[in-house]
>>> print(open('protein-v9.txt').read())   # compact mmCIF, C-alpha atoms
# COMPACT_ATOMS: atom_id res chain seq x y z
CA MET Y 1 152.70 84.25 -121.66
CA CYS Y 2 153.30 83.79 -125.39
CA LEU Y 3 154.14 87.49 -125.76
CA ALA Y 4 156.72 87.25 -122.97
CA LEU Y 5 158.35 84.25 -124.66
CA ILE Y 6 158.48 86.10 -127.96
CA THR Y 7 159.91 89.36 -126.58
CA ALA Y 8 162.42 87.78 -124.15
CA PRO Y 9 164.95 86.78 -126.84
CA LEU Y 10 164.68 90.25 -128.42
CA HIS Y 11 165.32 91.92 -125.05
CA ALA Y 12 168.30 89.66 -124.42
CA ALA Y 13 169.68 90.50 -127.84
CA ASP Y 14 169.37 94.21 -127.13
CA GLU Y 15 171.26 93.83 -123.84
CA SER Y 16 174.05 91.79 -125.45
CA SER Y 17 174.64 94.46 -128.09
CA GLY Y 18 174.72 97.27 -125.50
CA GLU Y 19 172.78 100.52 -125.36
CA PRO Y 20 172.67 102.87 -128.38
CA PHE Y 21 174.62 106.13 -128.68
CA SER Y 22 172.95 108.90 -126.65
CA LEU Y 23 173.57 112.53 -125.69
CA GLY Y 24 172.33 114.40 -122.65
CA VAL Y 25 172.31 117.79 -120.95
CA LEU Y 26 172.25 118.42 -117.20
CA LEU Y 27 172.34 121.17 -114.58
CA GLY Y 28 171.98 121.66 -110.85
CA PRO Y 29 173.74 122.77 -107.65
CA SER Y 30 177.40 122.07 -106.91
CA ILE Y 31 178.65 121.62 -103.37
CA PRO Y 32 182.30 121.88 -102.24
CA SER Y 33 183.22 118.89 -100.10
CA ALA Y 34 183.89 121.13 -97.09
CA SER Y 35 180.27 122.38 -97.24
CA ILE Y 36 178.43 119.06 -97.64
CA ASN Y 37 177.63 118.94 -93.91
CA SER Y 38 175.72 122.25 -94.09
CA VAL Y 39 173.50 120.83 -96.83
CA TYR Y 40 172.96 117.61 -94.88
CA ASP Y 41 172.00 119.59 -91.76
CA ALA Y 42 169.40 121.56 -93.73
CA LEU Y 43 168.02 118.31 -95.13
CA ALA Y 44 167.86 116.64 -91.71
CA ASN Y 45 166.46 119.60 -89.76
CA GLU Y 46 164.34 121.45 -92.33
CA SER Y 47 163.30 120.12 -95.75
CA ILE Y 48 164.50 119.00 -99.17
CA SER Y 49 163.77 122.45 -100.61
CA ALA Y 50 165.78 124.13 -97.84
CA ALA Y 51 168.72 121.80 -98.52
CA TYR Y 52 168.45 122.57 -102.24
CA ASP Y 53 168.48 126.32 -101.52
CA VAL Y 54 171.62 125.98 -99.39
CA ALA Y 55 173.33 123.92 -102.10
CA SER Y 56 172.31 126.32 -104.88
CA ASN Y 57 173.86 129.26 -103.02
CA LEU Y 58 177.19 127.44 -102.77
CA GLY Y 59 177.66 126.72 -106.47
CA TYR Y 60 176.05 125.56 -109.69
CA HIS Y 61 176.89 123.62 -112.82
CA ALA Y 62 175.75 122.80 -116.34
CA GLY Y 63 177.10 120.22 -118.70
CA ALA Y 64 176.69 117.70 -121.49
CA LYS Y 65 177.37 113.98 -121.55
CA LEU Y 66 177.38 111.05 -123.93
CA ARG Y 67 177.11 107.31 -123.55
CA PHE Y 68 177.18 104.31 -125.88
CA GLY Y 69 177.23 100.59 -125.34
CA LEU Y 70 180.44 98.57 -125.44
CA THR Y 71 179.25 95.12 -124.49
CA GLY Y 72 176.26 93.86 -122.53
CA SER Y 73 175.54 96.24 -119.65
CA LEU Y 74 178.89 98.07 -119.92
CA SER Y 75 179.00 101.45 -121.72
CA PHE Y 76 181.47 104.21 -122.47
CA SER Y 77 180.66 107.38 -120.50
CA GLY Y 78 182.04 110.86 -121.11
CA GLY Y 79 181.21 114.53 -120.93
CA VAL Y 80 182.20 118.11 -120.25
CA GLY Y 81 180.97 120.53 -117.60
CA PHE Y 82 181.08 124.11 -116.34
CA ILE Y 83 181.06 124.62 -112.56
CA GLN Y 84 181.24 127.88 -110.60
CA PHE Y 85 181.52 128.62 -106.89
CA PRO Y 86 180.74 132.34 -106.39
CA GLY Y 87 180.98 134.31 -103.16
CA GLN Y 88 184.13 132.64 -101.85
CA GLU Y 89 186.77 134.64 -100.00
CA ILE Y 90 190.56 134.79 -100.06
CA SER Y 91 192.88 136.75 -97.75
CA ILE Y 92 196.11 138.18 -99.13
CA SER Y 93 199.03 139.96 -97.49
CA GLU Y 94 201.32 141.81 -99.87
CA GLN Y 95 203.37 145.01 -99.61
CA GLY Y 96 201.98 145.77 -96.15
CA LEU Y 97 198.37 145.28 -97.24
CA ASP Y 98 196.00 142.78 -95.59
CA VAL Y 99 192.93 142.40 -97.79
CA THR Y 100 190.04 139.93 -97.95
CA LEU Y 101 188.52 139.62 -101.40
CA LYS Y 102 185.46 137.88 -102.75
CA THR Y 103 186.33 135.46 -105.54
CA VAL Y 104 184.72 133.16 -108.09
CA THR Y 105 186.24 129.74 -108.72
CA THR Y 106 185.52 128.13 -112.07
CA TYR Y 107 186.09 124.48 -112.99
CA ILE Y 108 185.82 122.94 -116.45
CA PRO Y 109 186.04 119.14 -116.16
CA ILE Y 110 186.38 116.76 -119.12
CA ASN Y 111 185.38 113.19 -118.22
CA ALA Y 112 185.89 109.80 -119.85
CA GLY Y 113 185.27 106.37 -118.36
CA LEU Y 114 182.82 103.50 -118.00
CA ALA Y 115 179.18 103.19 -116.93
CA TRP Y 116 177.37 100.09 -115.77
CA VAL Y 117 173.72 99.98 -116.83
CA PRO Y 118 172.39 96.67 -115.45
CA PHE Y 119 169.18 96.60 -117.50
CA GLN Y 120 167.39 98.57 -120.21
CA GLY Y 121 163.86 98.75 -118.79
CA PHE Y 122 161.51 101.63 -118.03
CA ILE Y 123 163.61 102.46 -114.94
CA ARG Y 124 167.35 102.43 -115.63
CA PRO Y 125 169.76 102.80 -112.71
CA TYR Y 126 173.43 103.23 -113.51
CA LEU Y 127 176.86 103.63 -111.94
CA SER Y 128 179.88 105.27 -113.54
CA ALA Y 129 183.59 105.73 -112.84
CA GLU Y 130 185.61 108.18 -114.92
CA ALA Y 131 189.00 109.81 -115.27
CA VAL Y 132 188.80 113.61 -115.25
CA TYR Y 133 190.96 116.44 -116.53
CA THR Y 134 189.91 119.66 -114.78
CA TYR Y 135 190.84 123.22 -115.66
CA ARG Y 136 190.57 125.58 -112.67
CA LYS Y 137 190.56 129.39 -112.55
CA VAL Y 138 190.11 131.82 -109.65
CA SER Y 139 189.08 135.41 -110.34
CA VAL Y 140 187.97 138.41 -108.29
CA SER Y 141 184.23 139.09 -108.17
CA GLU Y 142 183.10 142.16 -110.10
CA ASN Y 143 184.36 145.05 -108.01
CA GLY Y 144 186.22 147.95 -109.59
CA PHE Y 145 188.14 148.95 -106.46
CA SER Y 146 189.22 145.38 -105.70
CA GLN Y 147 190.34 144.78 -109.28
CA ASP Y 148 192.35 148.03 -109.33
CA LEU Y 149 193.96 147.05 -106.04
CA ILE Y 150 194.90 143.63 -107.38
CA ASN Y 151 196.43 145.23 -110.47
CA GLN Y 152 198.53 147.55 -108.33
CA VAL Y 153 199.72 144.90 -105.89
CA PHE Y 154 200.31 142.08 -108.37
CA GLY Y 155 201.24 144.17 -111.40
CA GLY Y 156 198.37 142.82 -113.49
CA GLU Y 157 199.17 139.19 -112.70
CA PRO Y 158 196.22 136.86 -111.92
CA LEU Y 159 195.18 136.45 -108.30
CA GLU Y 160 195.97 132.73 -108.50
CA PRO Y 161 197.53 130.89 -111.47
CA SER Y 162 195.10 128.82 -113.53
CA SER Y 163 195.80 125.11 -113.40
CA GLY Y 164 194.91 121.79 -114.98
CA ARG Y 165 194.85 118.59 -112.97
CA LEU Y 166 194.04 114.91 -113.44
CA GLY Y 167 191.51 113.33 -111.10
CA ALA Y 168 188.58 110.96 -110.93
CA ALA Y 169 184.80 110.99 -110.64
CA ALA Y 170 182.15 108.51 -109.51
CA ALA Y 171 178.41 108.84 -110.10
CA VAL Y 172 175.12 107.09 -109.43
CA GLY Y 173 171.99 107.93 -111.39
CA LEU Y 174 168.49 106.90 -112.33
CA GLU Y 175 166.82 107.31 -115.73
CA LEU Y 176 163.23 106.93 -116.88
CA ASN Y 177 162.83 105.54 -120.40
CA LEU Y 178 160.00 107.52 -122.03
CA GLY Y 179 160.73 106.39 -125.55
CA GLY Y 180 162.86 108.97 -127.36
CA LEU Y 181 163.51 110.99 -124.18
CA ARG Y 182 165.08 109.85 -120.88
CA PRO Y 183 164.89 112.28 -117.95
CA PHE Y 184 167.34 111.46 -115.17
CA VAL Y 185 168.73 112.46 -111.79
CA GLU Y 186 172.39 111.98 -110.90
CA VAL Y 187 174.76 112.48 -107.99
CA LYS Y 188 178.44 112.73 -108.93
CA ASN Y 189 181.51 113.33 -106.78
CA THR Y 190 184.61 114.71 -108.52
CA TRP Y 191 188.12 114.69 -107.06
CA THR Y 192 189.84 117.23 -109.30
CA ASN Y 193 193.48 116.63 -108.31
CA LEU Y 194 193.41 113.05 -107.06
CA VAL Y 195 196.08 111.88 -109.55
CA THR Y 196 198.25 114.99 -110.03
CA LYS Y 197 198.75 117.34 -107.10
CA GLU Y 198 201.64 119.67 -106.33
CA ALA Y 199 203.39 119.64 -102.96
CA GLY Y 200 201.31 121.46 -100.36
CA GLU Y 201 198.27 121.73 -102.64
CA PRO Y 202 195.01 120.89 -100.82
CA GLU Y 203 192.69 118.21 -102.13
CA ARG Y 204 189.91 119.79 -104.17
CA SER Y 205 186.63 117.97 -104.67
CA PHE Y 206 182.95 118.77 -105.08
CA LEU Y 207 179.57 117.08 -105.37
CA ASN Y 208 177.17 117.73 -108.26
CA VAL Y 209 173.44 117.00 -107.87
CA SER Y 210 171.97 117.04 -111.39
CA VAL Y 211 168.71 116.79 -113.23
CA GLY Y 212 168.90 116.29 -116.96
CA LEU Y 213 167.55 114.87 -120.17
CA ILE Y 214 169.02 112.24 -122.49
CA PHE Y 215 167.88 112.12 -126.10
>>> encode(input="protein-v9.txt", output="C-alpha cells")
Amino acid sequence: MCLALITAPLHAADESSGEPFSLGVLLGPSIPSASINSVYDALANESISAAYDVASNLGYHAGAKLRFGLTGSLSFSGGVGFIQFPGQEISISEQGLDVTLKTVTTYIPINAGLAWVPFQGFIRPYLSAEAVYTYRKVSVSENGFSQDLINQVFGGEPLEPSSGRLGAAAAVGLELNLGGLRPFVEVKNTWTNLVTKEAGEPERSFLNVSVGLIF
C-alpha cells in the first residue's frame, strides 16, 4: 500500500513527460489489399501457420521506426520501410506482341505522424496514424529472354515508370516492456496514393503484419 502511494506520483510524472526516444526494427509478410481474403480464408479454414505461409508468399517487408514522446500519451511516430511483391504478372501488347511477364513491385515508404500510447506499463498497446510518401518501382523478374524482349520492344525504357505518391497509414500494435528491450507485434495498413493519384490510376494499398524489437 505504501509502495503504491510512493510510486504512483512517479508513474504519473513519467506519463506527463511522454515516452523516451526509441528506435526499432521490424519485418514480416506484406499482403496486397486484393489478396487479403485469401489469407483470411486460410486462417478460417486451416491454421495460423497456413495463413502466415500464404501471406509470406505474396510479399514481405523490413523496416525501421522511431518514436518519442510529445506530451502525455501522445508521441511522434516515423519510419522507413522496404516492401516487395514478387511473382506478380503483367500483360503487354506492343508491336504485334502479346506477352505476359512476371514482375517484382518494390515500395519504399517514408512515414511520419502520431502515435497514441495510453499507458507505459509492462503491456503497451498503441495506435498510430501517419502521412506516407511512397516510392514505387516495377521491374521484370530475373529472366534473360524476357529482359531482352523488353529492351527490344521498349527501346531500353522501363516496363513501368517509377513513381512517388503521398498517402496515409494506420497501425495498431502491442509491446512488451522487458526493461531495455521491447518486442512488439504490429498490423499496419498503408494507402500509398490516397492523397495524390493520377487520373485512371488504381488505388494501391497493402497490409503489413510485423514482428519487431524496440531498443
>>> closest_residue(input="protein-v9.txt", among="Y:Ala169, Y:Val80, Y:Leu178, Y:Ile123", to="Pro109 in chain Y", atoms="only C-alpha atoms")
Y:Val80
>>> atom_distance(input="protein-v9.txt", atom1="CA of Ala131 in chain Y", atom2="CA of Leu213 in chain Y")
22.6 Å
>>> atom_distance(input="protein-v9.txt", atom1="CA of Glu203 in chain Y", atom2="CA of Tyr126 in chain Y")
26.9 Å
>>> closest_residue(input="protein-v9.txt", among="Y:Val25, Y:Val138, Y:Leu58, Y:Val211", to="Thr103 in chain Y", atoms="all atoms listed in the file")
Y:Val138
>>> atom_distance(input="protein-v9.txt", atom1="CA of Ser77 in chain Y", atom2="CA of Lys197 in chain Y")
24.6 Å
>>> closest_residue(input="protein-v9.txt", among="Y:Pro32, Y:Gly24, Y:Gly173, Y:Gly113", to="Ser205 in chain Y", atoms="all atoms listed in the file")
Y:Pro32
>>> residues_around(input="protein-v9.txt", residues="Leu23 in chain Y", least_positions_apart="6", cutoff="10 Å", atoms="only C-alpha atoms", output="PyMOL selection string")
chain Y and resi 64-68+78-79+213-215
